[in-house]
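Trainee: Provided below: input_21.txt, containing compact mmCIF, C-alpha atoms.
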```txt
# COMPACT_ATOMS: atom_id res chain seq x y z
CA MET A 1 -29.19 28.19 -33.60
CA GLY A 2 -28.82 25.67 -30.80
CA ILE A 3 -25.78 24.68 -28.79
CA THR A 4 -22.56 24.86 -30.78
CA ARG A 5 -21.19 21.37 -31.41
CA GLN A 6 -18.48 22.31 -33.90
CA ARG A 7 -16.41 25.33 -34.89
CA ILE A 8 -15.09 25.42 -38.43
CA LEU A 9 -12.18 27.51 -39.70
CA VAL A 10 -12.06 28.02 -43.47
CA MET A 11 -8.67 29.42 -44.50
CA ARG A 12 -7.56 30.60 -47.94
CA HIS A 13 -4.11 29.72 -49.29
CA PRO A 14 -1.17 32.23 -49.47
CA GLU A 15 -0.55 34.61 -52.34
CA THR A 16 0.52 32.95 -55.61
CA VAL A 17 2.01 34.20 -58.85
CA ALA A 18 -1.43 33.78 -60.38
CA ASN A 19 -2.87 36.22 -57.83
CA VAL A 20 -0.35 38.95 -58.72
CA ARG A 21 -0.24 38.28 -62.47
CA HIS A 22 -4.03 38.00 -62.60
CA PHE A 23 -4.46 34.77 -64.49
CA LEU A 24 -6.92 31.96 -63.75
CA SER A 25 -5.00 29.20 -61.96
CA GLY A 26 -7.98 27.12 -60.85
CA ARG A 27 -6.87 23.53 -60.25
CA VAL A 28 -3.29 23.96 -61.50
CA ASP A 29 -0.44 24.08 -58.97
CA VAL A 30 1.26 27.49 -59.04
CA ASP A 31 4.20 28.86 -57.04
CA LEU A 32 3.86 31.14 -54.06
CA THR A 33 5.27 34.64 -54.31
CA PRO A 34 7.88 35.79 -51.75
CA ARG A 35 5.02 37.56 -49.97
CA GLY A 36 3.06 34.31 -50.11
CA GLU A 37 5.95 32.45 -48.47
CA ARG A 38 5.83 34.88 -45.54
CA GLN A 39 2.05 34.56 -45.37
CA MET A 40 2.37 30.78 -45.30
CA TRP A 41 4.30 30.77 -42.01
CA ARG A 42 1.86 33.23 -40.44
CA ALA A 43 -1.00 30.97 -41.52
CA ILE A 44 0.68 27.84 -40.16
CA ASP A 45 1.17 29.52 -36.77
CA ALA A 46 -2.49 30.54 -36.74
CA LEU A 47 -3.67 27.05 -37.65
CA VAL A 48 -1.52 25.54 -34.89
CA ALA A 49 -2.94 28.04 -32.38
CA TRP A 50 -6.46 27.07 -33.49
CA THR A 51 -5.73 23.45 -32.38
CA PRO A 52 -8.19 21.76 -34.71
CA THR A 53 -9.51 18.27 -34.08
CA ARG A 54 -9.04 17.55 -37.77
CA ILE A 55 -7.56 19.30 -40.83
CA TRP A 56 -9.09 19.00 -44.28
CA SER A 57 -7.16 20.33 -47.27
CA SER A 58 -7.60 20.98 -50.95
CA PRO A 59 -5.39 18.66 -53.03
CA LEU A 60 -3.49 21.65 -54.44
CA LYS A 61 0.00 22.39 -53.13
CA ARG A 62 -0.72 26.00 -52.19
CA CYS A 63 -3.14 24.68 -49.56
CA GLN A 64 -1.27 21.56 -48.48
CA ALA A 65 1.81 23.69 -47.72
CA ILE A 66 -0.12 25.09 -44.76
CA ALA A 67 -2.14 22.05 -43.79
CA ARG A 68 0.66 19.48 -43.63
CA GLU A 69 3.12 21.61 -41.66
CA ALA A 70 0.46 22.52 -39.11
CA ALA A 71 -0.66 18.90 -38.87
CA ASP A 72 2.90 17.76 -38.21
CA ARG A 73 3.24 20.26 -35.37
CA LEU A 74 -0.10 19.27 -33.88
CA ASP A 75 0.17 15.54 -34.57
CA VAL A 76 -3.27 15.46 -36.16
CA PRO A 77 -4.15 13.90 -39.52
CA VAL A 78 -4.61 15.78 -42.78
CA GLU A 79 -7.43 14.57 -44.98
CA VAL A 80 -7.18 15.68 -48.61
CA ARG A 81 -10.64 16.48 -49.92
CA GLU A 82 -11.27 16.82 -53.63
CA ASP A 83 -14.37 18.89 -52.90
CA LEU A 84 -12.12 21.60 -51.40
CA ALA A 85 -10.35 22.20 -54.73
CA GLU A 86 -10.74 25.52 -56.53
CA ILE A 87 -13.24 26.06 -59.34
CA GLU A 88 -12.26 24.45 -62.65
CA PHE A 89 -11.75 27.00 -65.43
CA GLY A 90 -11.59 24.54 -68.31
CA SER A 91 -10.49 26.02 -71.64
CA VAL A 92 -9.73 29.46 -70.13
CA GLN A 93 -7.54 28.18 -67.32
CA GLY A 94 -4.23 30.03 -67.30
CA MET A 95 -5.64 33.02 -69.17
CA THR A 96 -5.85 36.65 -68.10
CA ALA A 97 -9.08 38.64 -68.39
CA PRO A 98 -8.15 40.29 -71.72
CA GLU A 99 -7.31 36.86 -73.17
CA TYR A 100 -10.53 35.08 -72.22
CA GLU A 101 -12.69 38.14 -72.88
CA ALA A 102 -11.27 38.24 -76.43
CA LEU A 103 -12.79 34.77 -76.83
CA GLY A 104 -16.17 36.00 -75.66
CA TYR A 105 -16.13 34.72 -72.07
CA ARG A 106 -16.60 36.58 -68.78
CA PHE A 107 -15.61 35.74 -65.24
CA PRO A 108 -17.35 35.68 -62.84
CA TRP A 109 -19.58 33.67 -65.14
CA GLU A 110 -22.56 35.58 -66.49
CA LEU A 111 -26.05 34.17 -66.12
CA GLY A 112 -28.03 33.24 -69.20
CA ALA A 113 -31.69 33.93 -69.91
CA ASP A 114 -32.54 30.73 -68.02
CA GLY A 115 -30.75 32.04 -64.90
CA ARG A 116 -27.95 29.50 -65.16
CA SER A 117 -24.27 30.36 -65.34
CA VAL A 118 -22.64 30.48 -68.77
CA CYS A 119 -19.10 29.12 -68.47
CA ALA A 120 -16.26 28.35 -70.85
CA PRO A 121 -15.96 24.85 -72.38
CA GLY A 122 -14.79 22.31 -69.82
CA ALA A 123 -15.21 24.78 -66.95
CA GLU A 124 -17.21 24.25 -63.78
CA SER A 125 -20.53 26.06 -63.57
CA PHE A 126 -21.49 28.02 -60.47
CA GLU A 127 -24.32 25.52 -59.97
CA ALA A 128 -21.80 22.66 -59.80
CA LEU A 129 -19.56 24.68 -57.48
CA TYR A 130 -22.49 25.26 -55.12
CA GLU A 131 -23.30 21.56 -55.21
CA ARG A 132 -19.75 20.75 -54.10
CA ALA A 133 -20.05 23.25 -51.26
CA ARG A 134 -23.37 21.80 -50.13
CA ARG A 135 -21.89 18.30 -50.21
CA LEU A 136 -19.01 19.43 -48.01
CA LEU A 137 -21.39 21.11 -45.54
CA CYS A 138 -23.36 17.88 -45.29
CA GLU A 139 -20.16 16.05 -44.35
CA LEU A 140 -19.26 18.70 -41.78
CA ARG A 141 -22.69 18.93 -40.16
CA PRO A 142 -22.54 15.85 -37.85
CA LEU A 143 -18.96 16.44 -36.64
CA THR A 144 -17.93 17.86 -33.28
CA GLY A 145 -14.88 19.75 -32.00
CA ARG A 146 -12.87 21.99 -34.32
CA THR A 147 -12.39 21.48 -38.04
CA ALA A 148 -9.93 23.42 -40.21
CA CYS A 149 -10.50 23.55 -43.97
CA VAL A 150 -7.62 24.96 -46.04
CA CYS A 151 -8.88 25.86 -49.48
CA HIS A 152 -9.37 28.67 -52.01
CA GLY A 153 -11.04 32.03 -52.44
CA GLY A 154 -13.56 30.79 -54.97
CA PHE A 155 -14.57 27.75 -52.98
CA THR A 156 -14.79 29.79 -49.77
CA ARG A 157 -17.27 32.08 -51.53
CA ALA A 158 -19.27 29.00 -52.53
CA ILE A 159 -19.36 27.72 -48.94
CA LEU A 160 -20.65 31.07 -47.68
CA GLY A 161 -23.07 31.28 -50.60
CA ALA A 162 -24.42 27.80 -49.89
CA ILE A 163 -24.91 28.60 -46.19
CA PHE A 164 -26.83 31.79 -46.90
CA ASP A 165 -28.41 30.72 -50.21
CA THR A 166 -26.83 33.72 -51.93
CA PRO A 167 -27.87 34.25 -55.58
CA LEU A 168 -25.36 33.07 -58.17
CA ASP A 169 -24.96 36.56 -59.62
CA THR A 170 -23.76 38.05 -56.32
CA PHE A 171 -22.03 35.37 -54.21
CA TRP A 172 -18.63 36.11 -55.83
CA ASN A 173 -18.81 39.72 -54.55
CA VAL A 174 -17.08 38.90 -51.26
CA GLU A 175 -13.43 39.76 -50.72
CA ILE A 176 -11.46 36.79 -49.38
CA PRO A 177 -7.84 37.92 -48.80
CA ASN A 178 -4.99 35.43 -48.98
CA VAL A 179 -4.55 33.49 -45.70
CA SER A 180 -7.69 35.06 -44.28
CA SER A 181 -10.00 32.81 -42.28
CA GLN A 182 -13.76 32.59 -41.90
CA LEU A 183 -15.08 31.20 -38.60
CA ILE A 184 -18.29 29.19 -38.79
CA SER A 185 -20.19 27.45 -36.01
CA CYS A 186 -22.55 24.49 -36.36
CA ASP A 187 -25.12 23.05 -33.96
CA GLY A 188 -25.48 19.81 -35.90
CA ARG A 189 -28.20 21.25 -38.12
CA GLY A 190 -27.44 24.75 -39.34
CA PHE A 191 -24.37 26.94 -39.80
CA THR A 192 -23.65 30.45 -38.54
CA LEU A 193 -20.90 32.78 -39.75
CA ASP A 194 -19.08 34.06 -36.66
CA ALA A 195 -16.30 36.05 -38.33
CA LEU A 196 -15.22 36.96 -41.86
CA ALA A 197 -11.76 37.56 -43.37
CA LEU A 198 -9.71 37.30 -40.18
CA ALA A 199 -5.94 37.78 -40.44
CA PRO A 200 -3.81 34.90 -39.07
CA GLU A 201 -2.91 36.91 -35.98
CA GLU A 202 -6.59 37.48 -35.19
CA VAL A 203 -7.29 33.76 -35.52
CA ALA A 204 -4.53 33.03 -32.99
CA LEU A 205 -5.89 35.71 -30.63
CA ARG A 206 -9.39 34.28 -30.73
CA ALA A 207 -8.07 30.76 -30.25
CA ARG A 208 -6.34 31.88 -27.04
CA SER A 209 -9.42 33.84 -25.87
CA PRO A 210 -12.59 31.80 -26.49
CA GLU A 211 -14.80 34.73 -25.43
CA LEU A 212 -13.66 36.46 -28.64
CA LEU A 213 -14.64 33.62 -30.99
CA THR A 214 -17.87 35.31 -32.06
CA HIS A 215 -16.67 38.88 -31.52
CA ASP A 216 -17.61 41.21 -34.38
CA ALA A 217 -14.37 42.99 -35.24
CA SER A 218 -14.83 45.74 -37.81
CA ARG A 219 -11.34 47.21 -37.84
CA ASP A 220 -8.72 46.32 -40.45
CA LEU A 221 -7.26 42.95 -39.50
CA SER A 222 -5.10 42.44 -42.59
CA GLY A 223 -1.85 42.06 -40.62
CA SER A 224 1.65 42.49 -41.99
CA ASP A 225 3.47 40.02 -44.17
CA ASP A 226 6.77 41.30 -42.80
CA GLN A 227 6.10 40.14 -39.27
```
As structure tokens, please, write out the structure in this file.
Mentor:
Amino acid sequence: MGITRQRILVMRHPETVANVRHFLSGRVDVDLTPRGERQMWRAIDALVAWTPTRIWSSPLKRCQAIAREAADRLDVPVEVREDLAEIEFGSVQGMTAPEYEALGYRFPWELGADGRSVCAPGAESFEALYERARRLLCELRPLTGRTACVCHGGFTRAILGAIFDTPLDTFWNVEIPNVSSQLISCDGRGFTLDALALAPEEVALRARSPELLTHDASRDLSGSDDQ
């Protein structure tokens, strides 16, 4: 890795009713829970502290709620990026695991004999999800400064999977808590993961103390939604 030209923050949206009721929301707008509302303000404060050069957001409201408020405070533009949207679940969107499993489907998608993901009708394959992530990384690669991407757990896994070329049958096995952030650096060619699953308060701390940007923190940084 050469000289860092860009630092990228990838933040997941706050908790939604789909997260607590365990149904596949995908690309449908769903309400935040009361806990999610508290998380939202913590995330906005963290994003403001990060002082990004630019903010990119998923088109879904659970992401734009963070991105637009932070952008207003910082007086920087928000660019809505379709590639930052969550995975499309097609015919099983809105279903719980017992409901779609009764129809013979599994999520995360299983791999067929040909090594390709087997998804429900109208759903996005893991191969297509990876392609979106690679396309986004290509757009990020030449930029400089700080970029904030507000998106989803599934797409965050795809970004990390694309960076590290993680196999399709294991890339989903990464926990991405609500409003957690992943810090990535780029030298104009390759990407390096500097920190994984940071709580909003840890993002703000590292933003104020640049020497901590690549610090490997192993303690629990989940924070409190009641702060």
Trainee: I want to know what sits within 8 Å of Glu69 in chain A, based on all atoms listed in the file, with residues of the same chain fewer than 4 positions away left out; could you give that as a ChimeraX atom specification?
Mentor: /A:44,65,73
Trainee: Name the residues, using the chain letters and numbers of the file, that sit within 7 Å of (-18.3, 35.9, -61.0) when counting all atoms listed in the file, and give them as a PyMOL selection string.
Mentor: chain A and resi 107-110+169+172
Trainee: Name the residues in contact with range 128-142 of chain A at a cut-off of 9 Å, using all atoms listed in the file, excluding same-chain residues fewer than 4 positions from it; report them as a list in words.
Mentor: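 Here the qualifying residues turn out to be Arg5, Gln6, Ile8, Asp83, Leu84, Glu86, Ile87, Glu88, Glu124, Thr147, Gly154, Phe155, Thr156, Ala158, Ile159, Leu160, Gly161, Ala162, Ile163, Leu168, Cys186, Asp187, Gly188, Arg189, Gly190 and Phe191 of chain A.
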Trainee: Any idea what the distance is between CA of Cys149 in chain A and CA of Pro52 in chain A?
Mentor: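 Separation between CA of Cys149 in chain A and CA of Pro52 in chain A: 9.7 Å.
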Trainee: Could you check how far CA of Gly36 in chain A sits from CA of Ser58 in chain A, in Å to one decimal?
Mentor: 17.1 Å
Trainee: Which one of A:Leu74, A:Thr170, A:Arg116, A:Ala46 sits closest to Val10 in chain A if you count only C-alpha atoms?
Mentor: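 Selected residue with least distance to Val10 in chain A: A:Ala46.
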Trainee: Do a neighbour search on Phe23 in chain A at 8 Å with only C-alpha atoms, toss out local chain neighbours closer than 5 positions, and write the hits as a list of chain:residue names.
Mentor: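 Contacts, with the query itself left out: A:Ala18, A:Gln93, A:Gly94, A:Met95, A:Thr96, A:Ala97.
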Trainee: Just how far from CA of Val17 in chain A is CA of Val30 in chain A, in Å to one decimal?
Mentor: 6.8 Å
